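K.L.:
The following file, run-v3.cif, comprises mmCIF, C-alpha atoms and all ligand atoms:
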```cif
data_protein
#
loop_
_atom_site.label_atom_id
_atom_site.label_comp_id
_atom_site.auth_asym_id
_atom_site.auth_seq_id
_atom_site.Cartn_x
_atom_site.Cartn_y
_atom_site.Cartn_z
CA MET A 123 63.90 22.28 43.11
CA ILE A 124 61.95 23.87 40.26
CA GLU A 125 59.15 26.17 41.45
CA ILE A 126 56.55 27.34 38.96
CA GLU A 127 53.93 29.84 40.06
CA ARG A 128 50.99 31.10 38.04
CA LEU A 129 53.20 30.77 34.98
CA THR A 130 51.51 32.07 31.82
CA LYS A 131 52.72 32.52 28.25
CA ARG A 132 50.60 34.08 25.54
CA TYR A 133 51.45 34.34 21.85
CA GLY A 134 48.94 36.87 20.51
CA ALA A 135 45.54 35.20 20.87
CA THR A 136 47.06 31.81 21.80
CA THR A 137 47.58 31.06 25.48
CA ALA A 138 50.29 28.38 25.37
CA VAL A 139 50.71 28.17 29.17
CA ASP A 140 47.88 29.22 31.45
CA GLN A 141 48.37 29.95 35.18
CA LEU A 142 50.48 26.85 35.82
CA THR A 143 51.58 26.24 39.42
CA PHE A 144 53.61 23.21 40.51
CA THR A 145 56.92 22.19 42.08
CA VAL A 146 59.42 19.60 40.82
CA ARG A 147 61.41 18.07 43.66
CA PRO A 148 64.87 16.50 43.84
CA GLY A 149 65.37 12.75 44.18
CA THR A 150 62.48 11.90 41.87
CA VAL A 151 61.84 11.45 38.18
CA THR A 152 58.88 13.71 37.38
CA GLY A 153 57.02 13.07 34.13
CA PHE A 154 55.59 16.14 32.37
CA LEU A 155 52.69 14.86 30.31
CA GLY A 156 50.29 16.45 27.89
CA PRO A 157 49.01 15.98 24.36
CA ASN A 158 50.70 17.74 21.42
CA GLY A 159 50.50 21.49 21.82
CA ALA A 160 49.69 21.34 25.55
CA GLY A 161 52.50 23.76 26.38
CA LYS A 162 55.25 21.43 27.63
CA SER A 163 58.07 22.76 25.48
CA THR A 164 57.06 26.36 26.17
CA THR A 165 57.17 25.64 29.92
CA LEU A 166 60.60 23.97 29.66
CA ARG A 167 61.89 26.95 27.66
CA MET A 168 60.63 29.33 30.36
CA ILE A 169 62.37 27.27 33.08
CA LEU A 170 65.60 27.76 31.10
CA GLY A 171 64.99 31.47 30.59
CA LEU A 172 64.78 30.99 26.79
CA ASN A 173 61.20 32.31 26.74
CA THR A 174 59.99 35.14 28.94
CA PRO A 175 56.76 34.51 30.87
CA THR A 176 53.83 36.82 30.14
CA GLU A 177 52.87 36.43 33.82
CA GLY A 178 53.95 34.43 36.84
CA SER A 179 57.38 33.15 37.77
CA VAL A 180 59.70 30.18 37.54
CA THR A 181 62.79 29.61 39.67
CA VAL A 182 65.38 26.86 40.00
CA ASP A 183 66.59 26.55 43.59
CA GLY A 184 65.01 29.91 44.34
CA VAL A 185 66.71 31.85 41.54
CA PRO A 186 65.49 32.56 37.97
CA PHE A 187 67.70 30.51 35.63
CA ALA A 188 68.80 33.56 33.67
CA GLY A 189 70.41 34.84 36.88
CA ARG A 190 72.67 31.77 37.11
CA PRO A 191 76.18 32.35 35.87
CA ARG A 192 77.05 28.63 35.92
CA GLY A 193 74.54 27.65 33.22
CA LEU A 194 75.05 24.00 32.26
CA ARG A 195 76.59 23.19 35.62
CA HIS A 196 73.35 24.00 37.29
CA VAL A 197 70.68 22.87 34.84
CA GLY A 198 71.34 20.38 32.04
CA ALA A 199 68.75 20.19 29.29
CA LEU A 200 67.89 18.26 26.16
CA LEU A 201 65.33 20.33 24.26
CA ASP A 202 65.65 19.46 20.58
CA ALA A 203 68.05 16.68 19.62
CA GLY A 204 68.02 17.88 15.99
CA ASP A 205 69.22 21.35 16.95
CA VAL A 206 72.95 20.66 16.44
CA HIS A 207 75.49 21.58 13.76
CA GLY A 208 75.48 18.55 11.41
CA GLY A 209 78.98 19.24 10.10
CA ARG A 210 80.62 18.91 13.51
CA SER A 211 81.65 15.74 15.30
CA ALA A 212 80.03 14.87 18.64
CA LYS A 213 83.34 15.46 20.34
CA ALA A 214 83.77 18.92 18.78
CA HIS A 215 80.17 19.83 19.65
CA LEU A 216 80.50 18.84 23.31
CA SER A 217 83.97 20.39 23.60
CA ALA A 218 82.56 23.75 22.44
CA LEU A 219 79.76 23.47 25.01
CA ALA A 220 82.28 22.58 27.74
CA ARG A 221 84.53 25.53 26.90
CA SER A 222 81.72 28.09 26.91
CA ASN A 223 80.51 26.79 30.29
CA ARG A 224 83.97 26.41 31.84
CA ILE A 225 83.58 22.69 32.25
CA PRO A 226 86.84 20.63 32.26
CA LEU A 227 87.35 19.09 28.77
CA GLY A 228 87.93 15.69 30.37
CA ARG A 229 84.16 15.50 30.95
CA VAL A 230 83.55 15.24 27.18
CA ASP A 231 84.98 11.72 26.82
CA GLU A 232 83.31 10.67 30.08
CA VAL A 233 79.80 11.62 28.94
CA LEU A 234 80.33 10.26 25.42
CA ALA A 235 81.26 6.89 26.94
CA GLU A 236 78.32 7.09 29.34
CA VAL A 237 75.77 7.51 26.53
CA GLY A 238 77.41 4.84 24.37
CA LEU A 239 78.79 7.19 21.69
CA GLY A 240 82.48 6.63 22.51
CA LYS A 241 83.19 4.92 19.18
CA ALA A 242 81.13 7.41 17.12
CA ALA A 243 82.63 10.49 18.84
CA GLY A 244 84.71 11.55 15.81
CA ARG A 245 81.94 11.14 13.20
CA ARG A 246 79.90 13.99 11.75
CA ILE A 247 76.64 14.46 13.65
CA GLY A 248 74.84 14.92 10.31
CA GLY A 249 75.27 11.17 9.71
CA TYR A 250 73.81 10.19 13.08
CA SER A 251 70.48 8.37 13.45
CA LEU A 252 67.72 10.05 15.48
CA GLY A 253 68.51 7.71 18.39
CA MET A 254 72.21 8.68 18.28
CA LYS A 255 71.25 12.38 18.25
CA GLN A 256 69.07 11.79 21.32
CA ARG A 257 72.05 10.16 23.05
CA LEU A 258 74.22 13.13 22.10
CA GLY A 259 71.59 15.53 23.49
CA ILE A 260 71.55 13.55 26.73
CA ALA A 261 75.36 13.71 26.84
CA GLY A 262 75.10 17.50 26.55
CA ALA A 263 72.64 17.62 29.44
CA LEU A 264 74.98 15.51 31.62
CA LEU A 265 78.12 17.46 30.68
CA GLY A 266 78.08 19.93 33.59
CA ASP A 267 77.16 17.23 36.17
CA PRO A 268 74.14 19.40 37.09
CA PRO A 269 71.74 18.87 40.03
CA VAL A 270 68.73 19.69 37.81
CA LEU A 271 68.02 18.00 34.46
CA LEU A 272 65.30 18.70 31.90
CA PHE A 273 64.51 16.41 28.98
CA ASP A 274 61.97 17.19 26.25
CA GLU A 275 60.65 13.94 24.70
CA PRO A 276 63.96 12.09 25.27
CA LEU A 277 62.60 8.67 24.26
CA ASN A 278 61.75 9.77 20.70
CA GLY A 279 63.65 7.71 18.17
CA LEU A 280 65.24 5.35 20.69
CA ASP A 281 65.08 1.59 20.13
CA PRO A 282 63.82 -0.65 22.98
CA GLU A 283 67.36 -1.15 24.32
CA GLY A 284 67.86 2.63 24.27
CA VAL A 285 64.57 3.20 26.10
CA LEU A 286 65.63 0.79 28.86
CA TRP A 287 68.99 2.48 29.11
CA VAL A 288 67.42 5.95 29.42
CA ARG A 289 65.04 4.70 32.14
CA GLY A 290 67.97 3.27 34.11
CA LEU A 291 69.90 6.52 33.66
CA PHE A 292 66.99 8.69 34.90
CA ARG A 293 66.53 6.41 37.91
CA ARG A 294 70.21 6.66 38.79
CA LEU A 295 70.23 10.45 38.40
CA ALA A 296 67.21 10.73 40.73
CA ASP A 297 68.73 8.28 43.22
CA GLU A 298 71.79 10.54 43.32
CA GLY A 299 69.44 13.24 44.60
CA ARG A 300 69.03 15.20 41.36
CA THR A 301 65.85 16.74 40.02
CA VAL A 302 64.83 14.98 36.79
CA PHE A 303 61.98 16.50 34.77
CA VAL A 304 60.98 14.62 31.61
CA SER A 305 58.30 15.59 29.09
CA SER A 306 56.30 13.17 26.97
CA HIS A 307 52.97 13.03 25.16
CA MET A 308 52.56 9.31 25.91
CA MET A 309 51.57 7.87 29.26
CA ALA A 310 52.94 4.48 28.17
CA GLU A 311 56.42 6.02 28.14
CA MET A 312 56.05 7.61 31.55
CA GLU A 313 54.35 4.86 33.52
CA HIS A 314 57.60 2.88 33.66
CA THR A 315 59.85 5.92 33.95
CA ALA A 316 58.40 8.49 36.35
CA ASP A 317 57.66 8.51 40.11
CA ARG A 318 55.53 11.62 39.86
CA LEU A 319 53.36 13.08 37.12
CA VAL A 320 52.49 16.62 36.19
CA VAL A 321 49.74 16.46 33.53
CA ILE A 322 48.74 19.52 31.50
CA GLY A 323 46.23 20.21 28.72
CA ARG A 324 45.84 23.47 26.80
CA GLY A 325 48.44 25.02 29.08
CA ARG A 326 46.51 24.24 32.26
CA LEU A 327 47.32 21.90 35.12
CA ILE A 328 45.21 18.71 35.09
CA ALA A 329 47.04 16.52 37.64
CA ASP A 330 50.07 16.81 39.92
CA GLU A 331 50.57 13.65 41.98
CA SER A 332 52.56 10.44 42.38
CA LEU A 333 52.16 7.74 39.74
CA ALA A 334 50.62 5.51 42.42
CA GLU A 335 48.01 8.16 43.27
CA PHE A 336 47.25 8.72 39.59
CA SER A 337 46.76 4.96 39.06
CA ALA A 338 44.57 4.58 42.14
CA ARG A 339 42.37 7.47 41.05
CA ASN A 340 42.13 6.69 37.35
CA ALA A 341 42.70 3.03 36.57
CA ARG A 342 39.25 1.40 36.60
CA SER A 343 38.96 -2.33 36.98
CA SER A 344 36.27 -4.36 35.26
CA VAL A 345 35.47 -7.98 34.48
CA ALA A 346 34.79 -9.42 31.03
CA VAL A 347 32.05 -12.07 31.09
CA ARG A 348 31.16 -14.32 28.17
CA ALA A 349 28.30 -16.79 28.49
CA PRO A 350 25.97 -18.49 25.97
CA GLU A 351 22.95 -17.64 28.12
CA LEU A 352 24.17 -14.35 29.45
CA SER A 353 20.74 -12.73 29.84
CA LEU A 354 19.98 -15.07 32.77
CA LEU A 355 23.01 -13.70 34.60
CA VAL A 356 22.62 -10.01 33.71
CA ASP A 357 19.51 -9.53 35.85
CA ALA A 358 21.16 -11.26 38.82
CA LEU A 359 24.27 -9.08 38.48
CA ARG A 360 22.21 -5.88 38.31
CA ALA A 361 20.07 -6.97 41.27
CA GLU A 362 23.29 -7.32 43.29
CA GLY A 363 24.39 -3.79 42.37
CA ALA A 364 26.87 -4.47 39.55
CA GLU A 365 26.99 -2.23 36.49
CA VAL A 366 26.64 -4.30 33.32
CA ASP A 367 27.52 -3.07 29.82
CA LEU A 368 26.13 -5.55 27.33
CA MET A 369 28.62 -5.43 24.45
CA GLU A 370 27.19 -8.41 22.50
CA PRO A 371 24.31 -10.81 23.27
CA GLN A 372 26.82 -13.21 24.86
CA PHE A 373 29.45 -10.76 26.11
CA ALA A 374 29.37 -8.10 28.84
CA ILE A 375 31.75 -5.84 30.74
CA VAL A 376 30.91 -5.73 34.44
CA THR A 377 32.11 -3.05 36.87
CA GLY A 378 31.58 -2.76 40.59
CA MET A 379 31.84 -6.49 41.32
CA ALA A 380 34.86 -8.81 41.65
CA ALA A 381 35.29 -11.80 39.32
CA GLU A 382 34.94 -14.26 42.26
CA ARG A 383 31.50 -12.92 43.15
CA ILE A 384 30.37 -13.01 39.51
CA GLY A 385 31.52 -16.65 39.28
CA GLU A 386 29.53 -17.51 42.42
CA LEU A 387 26.41 -15.82 41.06
CA ALA A 388 26.76 -17.68 37.75
CA HIS A 389 27.05 -20.95 39.63
CA ARG A 390 23.98 -20.17 41.75
CA HIS A 391 21.93 -19.38 38.61
CA LYS A 392 23.35 -22.38 36.73
CA VAL A 393 24.79 -20.21 33.97
CA VAL A 394 27.68 -21.72 32.03
CA LEU A 395 30.63 -19.29 31.67
CA HIS A 396 32.93 -19.29 28.64
CA GLU A 397 35.04 -16.40 29.87
CA LEU A 398 35.55 -14.58 33.19
CA ALA A 399 38.49 -12.20 33.10
CA SER A 400 39.52 -9.29 35.34
CA ARG A 401 40.89 -6.28 33.49
CA THR A 402 42.47 -3.02 34.55
CA SER A 403 42.10 -0.14 32.13
CA SER A 404 45.48 1.12 31.04
CA LEU A 405 46.84 4.39 32.39
CA GLU A 406 47.13 5.44 28.75
CA SER A 407 43.34 5.37 28.37
CA ALA A 408 42.94 7.24 31.69
CA PHE A 409 45.38 9.88 30.43
CA MET A 410 43.55 10.11 27.09
CA SER A 411 40.17 10.62 28.68
CA LEU A 412 41.59 13.19 31.15
CA THR A 413 43.10 15.21 28.33
CA ALA A 414 40.42 14.54 25.68
CA ASP A 415 39.07 18.08 25.95
CA SER A 416 42.52 19.56 25.43
CA ILE A 417 43.47 17.95 22.14
CA GLU A 418 44.32 20.77 19.74
CA TYR A 419 43.69 18.86 16.50
CA PRO A 420 41.61 15.71 17.13
CA ALA A 421 41.88 13.22 14.27
CA GLY A 422 38.75 12.79 12.19
CA GLU A 423 37.12 16.03 13.36
CA ALA A 424 35.63 18.32 10.73
CA ARG A 425 37.60 21.57 10.76
N1 LIG B 501 56.71 30.92 19.16
C1 LIG B 501 55.41 30.65 19.13
N2 LIG B 501 54.53 31.47 18.52
C2 LIG B 501 53.21 31.23 18.49
N3 LIG B 501 52.63 30.16 19.08
C3 LIG B 501 53.44 29.28 19.71
C4 LIG B 501 54.86 29.47 19.77
N4 LIG B 501 55.39 28.45 20.47
C5 LIG B 501 54.36 27.65 20.83
N5 LIG B 501 53.20 28.14 20.37
C6 LIG B 501 51.85 27.55 20.58
O1 LIG B 501 51.73 27.28 21.96
C7 LIG B 501 51.07 26.04 22.19
C8 LIG B 501 51.94 25.13 23.04
O2 LIG B 501 53.06 24.68 22.31
P1 LIG B 501 54.21 23.75 22.91
O3 LIG B 501 55.21 23.51 21.82
O4 LIG B 501 54.71 24.33 24.17
O5 LIG B 501 53.42 22.41 23.23
P2 LIG B 501 53.97 20.95 23.58
O6 LIG B 501 53.15 20.47 24.72
O7 LIG B 501 55.44 21.00 23.77
O8 LIG B 501 53.60 20.13 22.29
P3 LIG B 501 54.38 18.95 21.50
O9 LIG B 501 54.14 17.69 22.27
O10 LIG B 501 53.64 18.95 20.19
O11 LIG B 501 55.81 19.36 21.38
C9 LIG B 501 50.71 25.50 20.83
O12 LIG B 501 49.39 25.88 20.52
C10 LIG B 501 51.69 26.19 19.91
O13 LIG B 501 51.14 26.30 18.62
#
```
How would this structure read if it were set down as structure tokens?
P.N.:
Amino acid sequence: MIEIERLTKRYGATTAVDQLTFTVRPGTVTGFLGPNGAGKSTTLRMILGLNTPTEGSVTVDGVPFAGRPRGLRHVGALLDAGDVHGGRSAKAHLSALARSNRIPLGRVDEVLAEVGLGKAAGRRIGGYSLGMKQRLGIAGALLGDPPVLLFDEPLNGLDPEGVLWVRGLFRRLADEGRTVFVSSHMMAEMEHTADRLVVIGRGRLIADESLAEFSARNARSSVAVRAPELSLLVDALRAEGAEVDLMEPQFAIVTGMAAERIGELAHRHKVVLHELASRTSSLESAFMSLTADSIEYPAGEAR
């Protein structure tokens, strides 16, 4: 279990992480979401003891990570897939990690096979694609067979087959009872990957709940209605309590009323329908509106 309490990190005038409190539990894949610059990497680095909190505390299974002599055997992490010595082979890189963490060298071939780099194990990492480097970073995180795993943007650079593979891997790790904490700046990546979500913006906690709770709270459903004589229907819809956004003279988005009821009303008022379609807003748009105030550098804004 990862327990974070009132965790704060300031760099001069910048508060990268601001009074964050949450817990990441075993047996689940927890997505750590926030726009660029929200403070995800800084938080992950504090969990690993690589950055020192300005205030607050973070422990893994009750102990600050820095106080753990077993290192990689307790927490495995992929922080920056590019942060490897390009002149080394994957096998040499992982063997060095294994030696310094007293992990049996036999694990190296096991994890290389697991991430699909068995054949490329002897090649220089400098010649690897971004996706291959991500796989190598994941191999490094798995090396010590740890109960707690942290991944910073692990889907970056992976092709669709790689994304599916990573999702399956995270699921299996969680099903084995491990704690899996995965950062991303895209809800679309997390909605098929995570069971729980921790959402932050400008270093502050915005949401901490299951994916199902987040969807129920944020995904709004609406109905698209297209009709040549729409105005006849709009008054009837409003009179029955629906909210109608007239997008075009013949096209409206209706909320607060099911498509069946709208169809019945149209029939009663003899309005011909050309389109009647239920829609659910994507979780991505819910995430974007939740974090809209926390975007550090919005596109198109005058600086
Ligand atoms: N060493 C540092 N010195 C000064 N400011 C820093 C430092 N590290 C991070 N920051 C600032 O802290 C804030 C949070 O950065 P962080 O990298 O943790 O965000 P993030 O959520 O991981 O973003 P991204 O998705 O872009 O990786 C940013 O405003 C960043 O500029």
K.L.:
For ligand LIG 501 (chain B), collect every residue having any atom at a distance of at most 10 Å from a ligand atom (counting only C-alpha atoms and all ligand atoms); output as a PyMOL selection string.
P.N.:
chain A and resi 131-139+154-168+173+201-202+274-275+305-308+322-325+418-419
K.L.:
Can you tell me, as a PyMOL selection string, which residues sit within 12 Å of (66.8, 3.4, 28.8) in the file's frame, using only C-alpha atoms?
P.N.:
chain A and resi 237-238+253+256-257+260+276-294+311-312+314-315
K.L.:
For each of A:Leu170, A:Met369, A:Ser407, A:Ala399, take the minimum atom-to-atom distance to Ala341 (chain A), counting all atoms listed in the file, then give the residue where this is smallest.
P.N.:
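Selected residue with least distance to Ala341 (chain A): A:Ser407.
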K.L.:
Distance CA of Leu398 (chain A)-CA of Ala358 (chain A), one decimal place?
P.N.:
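A separation of 15.8 Å between them.
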K.L.:
Residues within 7 Å of Glu365 (chain A), please, as a VMD selection string. Count only C-alpha atoms; anything in the same chain fewer than 5 positions from it doesn't count.
P.N.:
chain A and resid 360 376 to 378
